$ cat model-v8.csv   # CSV, C-alpha atoms and all ligand atoms
chain,number,residue,atom,x,y,z
A,1,MET,CA,101.3,-72.0,24.9
A,2,VAL,CA,98.7,-69.3,25.3
A,3,ALA,CA,100.2,-65.9,25.1
A,4,GLU,CA,99.3,-63.7,28.0
A,5,ARG,CA,97.3,-60.7,27.2
A,6,ALA,CA,98.8,-57.4,28.4
A,7,PRO,CA,96.1,-55.5,30.4
A,8,ARG,CA,94.7,-52.5,28.5
A,9,MET,CA,96.7,-49.3,29.3
A,10,ILE,CA,94.5,-46.4,30.4
A,11,HIS,CA,95.7,-43.6,28.1
A,12,LEU,CA,95.6,-40.3,30.0
A,13,ASP,CA,98.0,-38.5,27.8
A,14,HIS,CA,95.8,-37.2,25.1
A,15,ASN,CA,97.3,-33.7,25.2
A,16,ALA,CA,100.5,-35.3,24.0
A,17,THR,CA,98.8,-37.3,21.3
A,18,ALA,CA,95.5,-39.1,20.8
A,19,PRO,CA,94.7,-42.5,19.3
A,20,LEU,CA,93.7,-42.4,15.6
A,21,HIS,CA,89.9,-42.0,15.3
A,22,PRO,CA,88.2,-44.7,13.2
A,23,ALA,CA,86.8,-42.0,10.9
A,24,ALA,CA,90.3,-40.7,10.4
A,25,ARG,CA,91.7,-44.1,9.7
A,26,GLU,CA,89.0,-44.8,7.1
A,27,ALA,CA,89.6,-41.5,5.4
A,28,TRP,CA,93.4,-41.9,5.5
A,29,LEU,CA,93.3,-45.4,4.0
A,30,GLU,CA,90.7,-44.5,1.3
A,31,THR,CA,92.8,-41.4,0.3
A,32,ALA,CA,96.1,-43.2,0.4
A,33,ASP,CA,94.8,-46.1,-1.7
A,34,ARG,CA,92.7,-44.1,-4.2
A,35,HIS,CA,93.9,-40.5,-4.3
A,36,TRP,CA,97.6,-40.8,-3.8
A,37,HIS,CA,98.4,-38.6,-6.8
A,38,ASN,CA,100.0,-35.3,-6.5
A,39,PRO,CA,97.3,-32.6,-6.3
A,40,SER,CA,99.5,-30.2,-8.2
A,41,GLY,CA,99.6,-32.4,-11.3
A,42,LEU,CA,97.8,-31.7,-14.6
A,43,HIS,CA,96.3,-35.2,-15.4
A,44,GLY,CA,92.9,-36.4,-14.4
A,45,ALA,CA,93.9,-38.4,-11.3
A,46,ALA,CA,95.8,-35.4,-10.0
A,47,SER,CA,92.8,-33.1,-10.5
A,48,ARG,CA,90.6,-35.5,-8.6
A,49,ALA,CA,93.2,-35.4,-5.7
A,50,ARG,CA,93.1,-31.6,-6.0
A,51,ASP,CA,89.2,-31.7,-5.7
A,52,LEU,CA,89.5,-33.8,-2.6
A,53,LEU,CA,92.1,-31.4,-1.2
A,54,GLU,CA,89.9,-28.4,-1.9
A,55,GLY,CA,86.9,-30.2,-0.4
A,56,CYS,CA,88.9,-30.8,2.8
A,57,ARG,CA,89.8,-27.1,2.9
A,58,GLU,CA,86.1,-26.2,2.6
A,59,ARG,CA,85.0,-28.6,5.3
A,60,LEU,CA,87.7,-27.4,7.7
A,61,ALA,CA,86.9,-23.7,7.1
A,62,ALA,CA,83.3,-24.4,7.8
A,63,ILE,CA,84.1,-26.1,11.1
A,64,LEU,CA,86.1,-23.1,12.1
A,65,GLY,CA,83.2,-20.8,11.2
A,66,SER,CA,84.7,-19.3,8.0
A,67,ASP,CA,83.1,-19.2,4.6
A,68,ASP,CA,86.5,-18.5,3.0
A,69,PRO,CA,88.3,-21.8,2.5
A,70,ALA,CA,91.3,-19.9,1.0
A,71,ARG,CA,92.1,-18.8,4.6
A,72,ILE,CA,93.3,-22.4,5.3
A,73,VAL,CA,97.0,-23.3,4.8
A,74,PHE,CA,97.8,-27.0,5.4
A,75,THR,CA,101.0,-27.7,7.2
A,76,SER,CA,102.8,-30.7,8.7
A,77,GLY,CA,101.6,-29.9,12.2
A,78,ALA,CA,101.2,-27.1,14.8
A,79,THR,CA,104.9,-26.5,15.2
A,80,ALA,CA,105.2,-26.0,11.4
A,81,ALA,CA,102.2,-23.7,11.4
A,82,ASP,CA,103.5,-21.5,14.3
A,83,ASN,CA,106.9,-21.3,12.5
A,84,LEU,CA,105.3,-20.3,9.3
A,85,LEU,CA,103.4,-17.5,11.0
A,86,ALA,CA,106.5,-16.3,12.9
A,87,ARG,CA,108.7,-16.3,9.8
A,88,HIS,CA,106.0,-14.5,7.8
A,89,LEU,CA,105.5,-11.8,10.5
A,90,GLY,CA,109.2,-11.5,11.1
A,91,SER,CA,109.8,-10.9,7.3
A,92,SER,CA,107.0,-8.5,6.8
A,93,ALA,CA,106.8,-6.3,10.0
A,94,PRO,CA,108.7,-3.1,10.2
A,95,PRO,CA,112.1,-3.4,11.9
A,96,GLY,CA,111.9,-3.0,15.7
A,97,SER,CA,108.4,-4.4,15.8
A,98,ALA,CA,107.2,-6.3,18.9
A,99,VAL,CA,105.1,-9.4,19.5
A,100,ILE,CA,103.1,-10.0,22.6
A,101,LEU,CA,102.8,-13.6,24.0
A,102,SER,CA,101.1,-15.0,27.1
A,103,PRO,CA,103.5,-16.5,29.7
A,104,ILE,CA,102.2,-20.0,29.1
A,105,GLU,CA,102.7,-20.3,25.4
A,106,HIS,CA,104.0,-23.6,24.0
A,107,PRO,CA,107.7,-23.7,22.8
A,108,ALA,CA,106.2,-24.2,19.3
A,109,VAL,CA,105.2,-20.5,19.6
A,110,VAL,CA,107.8,-19.1,21.9
A,111,ALA,CA,110.9,-20.3,20.0
A,112,PRO,CA,110.0,-19.2,16.5
A,113,PHE,CA,108.7,-15.8,17.7
A,114,ALA,CA,111.9,-15.3,19.7
A,115,ALA,CA,114.0,-16.1,16.6
A,116,SER,CA,111.9,-13.9,14.2
A,117,PHE,CA,111.7,-11.0,16.7
A,118,PRO,CA,115.0,-10.9,18.6
A,119,GLY,CA,114.6,-8.7,21.6
A,120,GLY,CA,111.0,-7.9,20.6
A,121,VAL,CA,109.0,-10.5,22.5
A,122,VAL,CA,106.9,-9.0,25.3
A,123,GLU,CA,105.0,-11.2,27.8
A,124,THR,CA,101.6,-10.4,29.2
A,125,GLY,CA,100.8,-10.8,32.8
A,126,CYS,CA,98.4,-13.4,34.0
A,127,ASP,CA,96.5,-14.3,37.1
A,128,ALA,CA,97.4,-17.1,39.6
A,129,ASP,CA,95.6,-19.6,37.3
A,130,GLY,CA,97.5,-18.5,34.2
A,131,VAL,CA,94.6,-16.6,32.7
A,132,VAL,CA,95.3,-13.6,30.6
A,133,ASP,CA,92.4,-11.2,30.8
A,134,GLY,CA,91.6,-8.1,28.7
A,135,ALA,CA,93.3,-5.8,31.3
A,136,CYS,CA,96.5,-7.9,31.2
A,137,LEU,CA,96.6,-7.6,27.4
A,138,GLU,CA,95.7,-3.9,27.4
A,139,ALA,CA,98.6,-3.3,29.9
A,140,ALA,CA,101.0,-5.2,27.6
A,141,LEU,CA,99.9,-3.3,24.6
A,142,ASP,CA,100.4,0.0,26.4
A,143,ALA,CA,103.8,-1.1,27.6
A,144,VAL,CA,105.0,-1.6,24.1
A,145,GLY,CA,104.9,2.1,23.5
A,146,GLY,CA,105.2,3.4,20.0
A,147,ARG,CA,106.5,0.2,18.5
A,148,THR,CA,104.4,-1.7,15.9
A,149,VAL,CA,102.9,-4.9,17.4
A,150,ALA,CA,103.1,-7.5,14.7
A,151,CYS,CA,100.9,-9.9,16.6
A,152,VAL,CA,99.4,-10.9,19.9
A,153,SER,CA,99.5,-14.7,20.5
A,154,VAL,CA,97.6,-16.3,23.3
A,155,MET,CA,96.8,-20.0,23.2
A,156,ALA,CA,93.1,-21.0,23.3
A,157,ALA,CA,93.6,-23.8,25.9
A,158,GLY,CA,96.8,-24.6,27.9
A,159,ASN,CA,98.5,-27.8,27.1
A,160,GLU,CA,99.7,-28.3,30.7
A,161,SER,CA,96.8,-27.3,32.9
A,162,GLY,CA,94.1,-27.2,30.3
A,163,VAL,CA,93.3,-23.6,31.4
A,164,LEU,CA,90.9,-21.8,29.0
A,165,GLU,CA,92.1,-18.4,27.9
A,166,PRO,CA,89.3,-15.8,27.0
A,167,TRP,CA,90.5,-15.7,23.4
A,168,PRO,CA,87.2,-14.2,22.0
A,169,ALA,CA,87.5,-11.2,24.3
A,170,LEU,CA,91.3,-10.9,23.6
A,171,ALA,CA,90.6,-11.0,19.9
A,172,GLY,CA,88.1,-8.2,20.4
A,173,VAL,CA,90.7,-6.1,22.3
A,174,CYS,CA,93.2,-6.6,19.4
A,175,ARG,CA,90.6,-5.8,16.8
A,176,ALA,CA,89.7,-2.5,18.5
A,177,ARG,CA,93.4,-1.6,18.5
A,178,GLY,CA,94.1,-2.8,15.0
A,179,VAL,CA,96.6,-5.5,16.1
A,180,PRO,CA,96.5,-9.0,14.6
A,181,PHE,CA,95.5,-11.8,17.0
A,182,HIS,CA,96.8,-15.4,16.8
A,183,THR,CA,95.7,-18.3,18.9
A,184,ASP,CA,97.4,-21.7,19.0
A,185,ALA,CA,94.2,-23.8,19.3
A,186,SER,CA,96.0,-27.2,19.2
A,187,GLN,CA,94.6,-28.2,22.6
A,188,TRP,CA,91.1,-26.6,22.1
A,189,LEU,CA,90.3,-28.2,18.8
A,190,GLY,CA,88.3,-31.5,19.0
A,191,LYS,CA,87.6,-30.9,22.7
A,192,LEU,CA,85.5,-27.7,22.6
A,193,PRO,CA,83.5,-26.2,19.7
A,194,ALA,CA,85.6,-24.7,17.0
A,195,ALA,CA,82.8,-22.6,15.3
A,196,ASP,CA,84.0,-19.2,16.5
A,197,LEU,CA,87.8,-19.6,15.9
A,198,ALA,CA,87.7,-17.9,12.5
A,199,ARG,CA,87.0,-14.6,14.4
A,200,CYS,CA,90.8,-14.7,15.2
A,201,ASP,CA,93.1,-13.4,12.5
A,202,TRP,CA,95.4,-16.4,12.8
A,203,VAL,CA,94.7,-19.9,14.2
A,204,THR,CA,97.0,-22.9,14.5
A,205,GLY,CA,95.8,-26.5,14.7
A,206,SER,CA,97.3,-30.0,14.8
A,207,GLY,CA,95.6,-33.2,13.6
A,208,HIS,CA,97.1,-35.7,16.0
A,209,LYS,CA,95.8,-33.9,19.1
A,210,PHE,CA,92.2,-34.8,18.3
A,211,GLY,CA,92.4,-38.3,16.6
A,212,GLY,CA,93.8,-37.3,13.2
A,213,PRO,CA,97.0,-38.7,11.9
A,214,ARG,CA,100.4,-37.5,13.0
A,215,GLY,CA,102.3,-34.9,10.9
A,216,VAL,CA,99.5,-32.8,9.6
A,217,GLY,CA,98.0,-29.5,10.8
A,218,PHE,CA,97.0,-26.1,9.5
A,219,LEU,CA,97.3,-22.3,9.8
A,220,LEU,CA,94.2,-20.2,9.4
A,221,ALA,CA,95.3,-16.9,7.9
A,222,PRO,CA,93.6,-13.6,7.2
A,223,ALA,CA,92.1,-13.5,3.7
A,224,GLY,CA,94.4,-12.5,0.9
A,225,VAL,CA,97.7,-12.4,2.9
A,226,ARG,CA,100.8,-13.0,0.8
A,227,PHE,CA,103.2,-15.0,2.9
A,228,ARG,CA,106.8,-14.1,3.3
A,229,GLY,CA,109.7,-16.0,4.7
A,230,ASP,CA,108.8,-19.5,3.5
A,231,LEU,CA,110.8,-20.7,0.6
A,232,GLY,CA,109.9,-23.6,-1.7
A,233,GLY,CA,107.3,-24.7,-4.3
A,234,PRO,CA,104.1,-23.0,-5.2
A,235,GLN,CA,101.8,-25.3,-3.1
A,236,GLU,CA,99.1,-23.9,-0.9
A,237,SER,CA,98.7,-20.9,-3.3
A,238,GLY,CA,102.3,-20.0,-2.8
A,239,ARG,CA,102.0,-19.8,0.9
A,240,HIS,CA,103.7,-23.0,2.0
A,241,GLY,CA,105.9,-25.1,-0.3
A,242,GLY,CA,105.9,-28.9,-0.2
A,243,THR,CA,103.6,-31.6,-1.6
A,244,GLU,CA,100.4,-31.7,0.5
A,245,ASN,CA,99.9,-34.7,2.7
A,246,LEU,CA,96.5,-35.5,1.3
A,247,PRO,CA,95.8,-38.7,3.3
A,248,GLY,CA,96.8,-36.9,6.5
A,249,ILE,CA,94.6,-33.9,5.6
A,250,ALA,CA,91.6,-36.1,4.8
A,251,GLY,CA,92.1,-38.0,8.1
A,252,MET,CA,92.5,-34.8,10.1
A,253,VAL,CA,89.3,-33.3,8.7
A,254,ALA,CA,87.3,-36.5,9.2
A,255,ALA,CA,88.5,-36.8,12.9
A,256,LEU,CA,87.6,-33.2,13.6
A,257,GLU,CA,84.1,-33.6,12.1
A,258,ALA,CA,83.6,-36.7,14.1
A,259,ARG,CA,84.7,-35.1,17.3
A,260,GLU,CA,82.5,-32.0,16.7
A,261,ALA,CA,79.5,-34.3,16.1
A,262,SER,CA,79.7,-36.0,19.5
A,263,MET,CA,81.1,-33.1,21.4
A,264,ALA,CA,78.2,-32.0,23.6
A,265,ALA,CA,77.8,-35.4,25.2
A,266,THR,CA,81.6,-35.9,25.5
A,267,ILE,CA,82.0,-32.5,27.4
A,268,ALA,CA,79.2,-33.3,29.9
A,269,ALA,CA,80.4,-36.8,30.7
A,270,GLY,CA,84.1,-35.8,30.7
A,271,GLU,CA,83.5,-32.8,33.1
A,272,ALA,CA,81.5,-35.0,35.5
A,273,ALA,CA,84.1,-37.8,35.5
A,274,ARG,CA,87.0,-35.3,36.0
A,275,ASP,CA,85.3,-33.4,38.8
A,276,ALA,CA,84.5,-36.6,40.7
A,277,ALA,CA,88.2,-37.6,40.4
A,278,ILE,CA,89.2,-34.2,41.7
A,279,ALA,CA,86.9,-34.5,44.7
A,280,ALA,CA,88.3,-38.0,45.4
A,281,LEU,CA,91.9,-36.7,45.1
A,282,ARG,CA,91.2,-33.8,47.6
A,283,ARG,CA,90.0,-36.4,50.1
A,284,MET,CA,92.9,-38.7,49.6
A,285,LEU,CA,95.7,-36.2,49.1
A,286,PRO,CA,94.7,-32.9,50.7
A,287,GLY,CA,98.2,-31.3,50.0
A,288,ALA,CA,97.9,-31.7,46.2
A,289,ILE,CA,97.3,-28.6,44.2
A,290,VAL,CA,95.2,-28.6,41.0
A,291,VAL,CA,97.0,-26.4,38.6
A,292,SER,CA,94.8,-23.5,37.4
A,293,GLY,CA,92.2,-24.9,39.8
A,294,GLY,CA,90.4,-21.6,40.1
A,295,ALA,CA,89.8,-21.2,36.4
A,296,GLU,CA,87.8,-22.8,33.7
A,297,ARG,CA,89.7,-25.7,32.2
A,298,LEU,CA,89.4,-28.3,29.4
A,299,TRP,CA,87.1,-31.1,30.5
A,300,ASN,CA,89.8,-33.6,29.7
A,301,THR,CA,92.8,-32.2,31.6
A,302,LEU,CA,93.9,-32.4,35.3
A,303,ALA,CA,97.4,-31.2,36.2
A,304,VAL,CA,98.3,-31.8,39.8
A,305,ILE,CA,101.2,-30.5,41.7
A,306,VAL,CA,102.5,-32.6,44.7
A,307,PRO,CA,104.8,-30.6,46.9
A,308,GLY,CA,108.0,-32.5,47.7
A,309,ALA,CA,107.4,-35.3,45.2
A,310,ASP,CA,109.3,-36.3,42.1
A,311,SER,CA,107.5,-36.0,38.8
A,312,ARG,CA,109.3,-38.9,37.1
A,313,ARG,CA,108.8,-41.3,40.0
A,314,LEU,CA,105.1,-40.5,40.1
A,315,VAL,CA,104.7,-41.0,36.3
A,316,ALA,CA,106.7,-44.3,36.5
A,317,THR,CA,104.5,-45.6,39.3
A,318,LEU,CA,101.4,-44.8,37.3
A,319,ASP,CA,102.9,-46.5,34.3
A,320,ARG,CA,103.5,-49.7,36.2
A,321,ALA,CA,99.9,-49.6,37.3
A,322,GLY,CA,98.8,-49.4,33.7
A,323,ILE,CA,98.1,-45.7,33.5
A,324,ALA,CA,99.9,-43.5,30.9
A,325,ALA,CA,100.1,-40.0,32.2
A,326,SER,CA,102.7,-37.3,31.8
A,327,SER,CA,104.7,-34.9,33.9
A,328,GLY,CA,103.5,-31.8,31.9
A,329,SER,CA,104.2,-30.8,28.4
A,330,ALA,CA,105.4,-33.6,26.1
A,331,CYS,CA,108.4,-31.6,25.2
A,332,SER,CA,109.8,-30.8,28.7
A,333,SER,CA,111.0,-32.9,31.5
A,334,GLY,CA,108.7,-33.2,34.6
A,335,ALA,CA,110.9,-31.0,36.7
A,336,ALA,CA,111.0,-28.3,33.9
A,337,SER,CA,107.3,-28.4,33.4
A,338,ALA,CA,106.5,-28.1,37.1
A,339,ALA,CA,109.1,-25.3,37.5
A,340,ARG,CA,107.6,-23.4,34.6
A,341,VAL,CA,104.1,-23.6,36.1
A,342,VAL,CA,105.4,-22.6,39.5
A,343,ALA,CA,107.4,-19.7,38.0
A,344,ALA,CA,104.2,-18.4,36.3
A,345,THR,CA,101.8,-18.9,39.1
A,346,GLY,CA,103.7,-20.6,42.0
A,347,ALA,CA,104.2,-17.7,44.4
A,348,ARG,CA,100.5,-17.0,44.2
A,349,ILE,CA,99.4,-20.6,44.9
A,350,GLY,CA,101.5,-20.8,48.0
A,351,ILE,CA,104.7,-22.6,46.6
A,352,ALA,CA,107.8,-20.5,46.7
A,353,PRO,CA,110.0,-20.8,43.6
A,354,GLY,CA,112.8,-23.2,44.3
A,355,VAL,CA,110.8,-25.6,46.5
A,356,PRO,CA,110.8,-29.0,44.9
A,357,VAL,CA,107.5,-30.0,43.4
A,358,GLY,CA,106.3,-33.0,41.4
A,359,MET,CA,103.7,-32.5,38.7
A,360,VAL,CA,101.5,-35.1,37.0
A,361,ARG,CA,99.2,-34.3,34.1
A,362,PHE,CA,96.2,-36.5,33.3
A,363,SER,CA,94.6,-35.8,29.9
A,364,ALA,CA,91.6,-37.9,29.0
A,365,GLY,CA,89.9,-38.7,25.7
A,366,PRO,CA,86.3,-39.2,24.8
A,367,GLU,CA,86.6,-42.9,25.6
A,368,THR,CA,87.9,-42.4,29.1
A,369,THR,CA,85.5,-43.7,31.8
A,370,ALA,CA,84.7,-42.3,35.2
A,371,GLU,CA,86.2,-45.5,36.7
A,372,GLU,CA,89.4,-44.9,34.9
A,373,TRP,CA,89.6,-41.4,36.1
A,374,LEU,CA,89.1,-42.6,39.7
A,375,ARG,CA,91.7,-45.3,39.3
A,376,ALA,CA,94.2,-42.7,38.1
A,377,VAL,CA,93.8,-40.4,41.1
A,378,GLU,CA,93.8,-43.3,43.6
A,379,THR,CA,97.0,-44.5,42.1
A,380,LEU,CA,98.5,-41.0,42.2
A,381,ALA,CA,97.5,-40.6,45.9
A,382,THR,CA,99.0,-43.9,46.8
A,383,ALA,CA,102.2,-43.2,44.9
A,384,ALA,CA,102.5,-39.7,46.4
A,385,THR,CA,102.2,-41.0,50.0
A,386,ALA,CA,104.5,-44.0,49.6
A,387,ARG,CA,108.0,-43.6,50.9
A,388,PRO,CA,110.7,-43.5,48.2
A,389,PRO,CA,112.5,-46.9,48.0
A,390,ARG,CA,115.6,-47.2,50.2
A,391,VAL,CA,118.8,-47.3,48.3
A,392,SER,CA,121.2,-50.0,49.6
A,393,LEU,CA,124.9,-49.0,49.4
A,394,GLY,CA,126.1,-52.3,50.7
B,401,LIG,N1,101.1,-26.2,20.3
B,401,LIG,C1,100.5,-26.7,21.4
B,401,LIG,C2,99.6,-25.9,22.3
B,401,LIG,C3,100.7,-28.1,21.7
B,401,LIG,O1,100.2,-28.6,22.8
B,401,LIG,C4,101.6,-28.8,20.8
B,401,LIG,C5,101.9,-30.2,21.1
B,401,LIG,O2,102.4,-30.6,22.2
B,401,LIG,C6,102.1,-28.2,19.7
B,401,LIG,C7,101.8,-26.9,19.5
B,401,LIG,C8,103.0,-29.0,18.7
B,401,LIG,O3,102.1,-29.7,17.9
B,401,LIG,P1,102.7,-30.6,16.7
B,401,LIG,O4,103.1,-31.9,17.3
B,401,LIG,O5,101.6,-30.8,15.7
B,401,LIG,O6,103.8,-29.9,16.1
$ encode --input "model-v8.csv" --output "structure tokens" --more "lines below"
Ligand code: PLP
Amino acid sequence: MVAERAPRMIHLDHNATAPLHPAAREAWLETADRHWHNPSGLHGAASRARDLLEGCRERLAAILGSDDPARIVFTSGATAADNLLARHLGSSAPPGSAVILSPIEHPAVVAPFAASFPGGVVETGCDADGVVDGACLEAALDAVGGRTVACVSVMAAGNESGVLEPWPALAGVCRARGVPFHTDASQWLGKLPAADLARCDWVTGSGHKFGGPRGVGFLLAPAGVRFRGDLGGPQESGRHGGTENLPGIAGMVAALEAREASMAATIAAGEAARDAAIAALRRMLPGAIVVSGGAERLWNTLAVIVPGADSRRLVATLDRAGIAASSGSACSSGAASAARVVAATGARIGIAPGVPVGMVRFSAGPETTAEEWLRAVETLATAATARPPRVSLG
């Protein structure tokens, strides 16, 4: 019997996780096979592993625009990096200090900062697209009054709508006021050029968002900072305990280098394909709202709100049609994601809080074609206009 081949799924959920890049796979396998030794050891094989580790640190620092590899601390992902930062700041800032976050931060930032600064988290305002401009940040800094601000954290690109925050300008505002600036660049890295990120004091990244392996990430720190709040071994120059995941690190750096090398062409093609899909969606489903539609967004992301629809049902219908999409952030349910977006911007895009809305997020990769984008929005439009199935009680 000839086994039936399952049709290829169209993966439009890259913001949740991306497939492993061939360059990352090769680097991972090579490192796992040949350099599996513990980089902290004293023997020759360990020191070769250490050389490789330090080489990865240099290459990653260079991609981020820093000539100081010691600023990189490898972690097990973005959540771990955000936690490391929040614990460090919480343990070293004067009592009563505040932190300022944008209203669209990922739970990986919100939760650890809330735990490390109980009662000290201040949210900035934003416009209807979720953009935090310099004036919003200045207002939040003024509102904090005489308290020390341990950090301002504004993500580089939104995981739900792909909205681009003006982080270079925000970093400038913070520099002028002597306040440290952090950006969670998990969704920016591998999609847009990384070369200026080292101008931020603190930067978070995650390998699996751009084709690196799962379970590896990093925190870029200001030069010479002694970390507090993280307990364990002396790895990463005493800043983050635990044996380094060297195959993962090698894979992550290889994936990022590969993404950077092909980025210009990917951005141009990706933007054209996404914009054609939006134009088609507007024709087919005029009531749909593109989240952050008035702002610059990542070329790969399209989040659509469908008033009156059910997120889970839309995503399930897309799945049956061979399209893997999501209902927003990977870590919240569709309803919660849509509610969060509507709460931050809803009243200003014409949806009153409390009105049921469905949300679907498509997030493409470099391999996504224009035809796949079109198929996705056509399927969404059909699903959104179909009547819900009748439930028989008999
Ligand atoms: N920060 C942002 C902006 C994200 O989108 C994600 C993933 O959803 C994370 C942090 C968490 O990343 P990780 O899976 O590496 O912990």
$ residues_near_ligand --input "model-v8.csv" --ligand "ligand LIG 401 (chain B)" --cutoff "9 Å" --atoms "all atoms listed in the file" --output "ChimeraX atom specification"
/A:15-17,76-82,105-109,155-160,184-188,204-209,214-217,329-331
$ closest_residue --input "model-v8.csv" --among "A:Pro95, A:Pro118, A:Pro213, A:Pro103" --to "A:Ala254" --atoms "only C-alpha atoms"
A:Pro213
$ closest_atom_pairs --input "model-v8.csv" --of "stretch 248-297 of chain A" --to "stretch 24-35 of chain A" --cutoff "10 Å" --atoms "all atoms listed in the file" --output "CSV"
residue,atom,partner,partner_atom,distance
A:Gly248,CA,A:Trp28,CA,6.1
A:Ile249,CA,A:Trp28,CA,8.1
A:Ala250,CA,A:Ala27,CA,5.8
A:Gly251,CA,A:Ala24,CA,4.0
A:Met252,CA,A:Ala24,CA,6.3
A:Val253,CA,A:Ala24,CA,7.7
A:Ala254,CA,A:Ala24,CA,5.3
A:Ala255,CA,A:Ala24,CA,5.0
A:Leu256,CA,A:Ala24,CA,8.6
A:Glu257,CA,A:Ala24,CA,9.6
A:Ala258,CA,A:Ala24,CA,8.6
$ residues_around --input "model-v8.csv" --residues "stretch 308-320 of chain A" --least-positions-apart "6" --cutoff "6 Å" --atoms "only C-alpha atoms" --output "mmCIF file with C-alpha atoms, in the frame of the given file"
data_model
loop_
_atom_site.group_PDB
_atom_site.id
_atom_site.type_symbol
_atom_site.label_atom_id
_atom_site.label_comp_id
_atom_site.auth_asym_id
_atom_site.auth_seq_id
_atom_site.Cartn_x
_atom_site.Cartn_y
_atom_site.Cartn_z
ATOM 1 C CA SER A 327 104.700 -34.900 33.900
ATOM 2 C CA GLY A 334 108.700 -33.200 34.600
ATOM 3 C CA PRO A 356 110.800 -29.000 44.900
ATOM 4 C CA VAL A 357 107.500 -30.000 43.400
ATOM 5 C CA GLY A 358 106.300 -33.000 41.400
ATOM 6 C CA MET A 359 103.700 -32.500 38.700
#
$ atom_distance --input "model-v8.csv" --atom1 "atom CA of A:Pro193" --atom2 "atom CA of A:Leu141"
28.6 Å
$ atom_distance --input "model-v8.csv" --atom1 "atom CA of A:Val377" --atom2 "atom CA of A:Arg297"
17.7 Å
$ atom_distance --input "model-v8.csv" --atom1 "atom CA of A:Leu20" --atom2 "atom CA of A:Gly211"
4.4 Å
$ closest_residue --input "model-v8.csv" --among "A:Arg375, A:Ala384, A:Leu231, A:Leu189" --to "A:Pro307" --atoms "all atoms listed in the file"
A:Ala384
$ closest_residue --input "model-v8.csv" --among "A:Pro366, A:Gly238, A:Gly96, A:Gly162" --to "A:Ile267" --atoms "only C-alpha atoms"
A:Pro366
$ closest_residue --input "model-v8.csv" --among "A:Ala383, A:Val73, A:Ala62, A:Ala195" --to "A:Pro222" --atoms "all atoms listed in the file"
A:Val73
$ closest_residue --input "model-v8.csv" --among "A:Ala86, A:Ile10, A:Ile63, A:Leu220" --to "A:Glu371" --atoms "only C-alpha atoms"
A:Ile10
$ residues_around --input "model-v8.csv" --residues "A:Ala115" --least-positions-apart "5" --cutoff "9 Å" --atoms "only C-alpha atoms" --output "VMD selection string"
chain A and resid 86 to 87 90 110
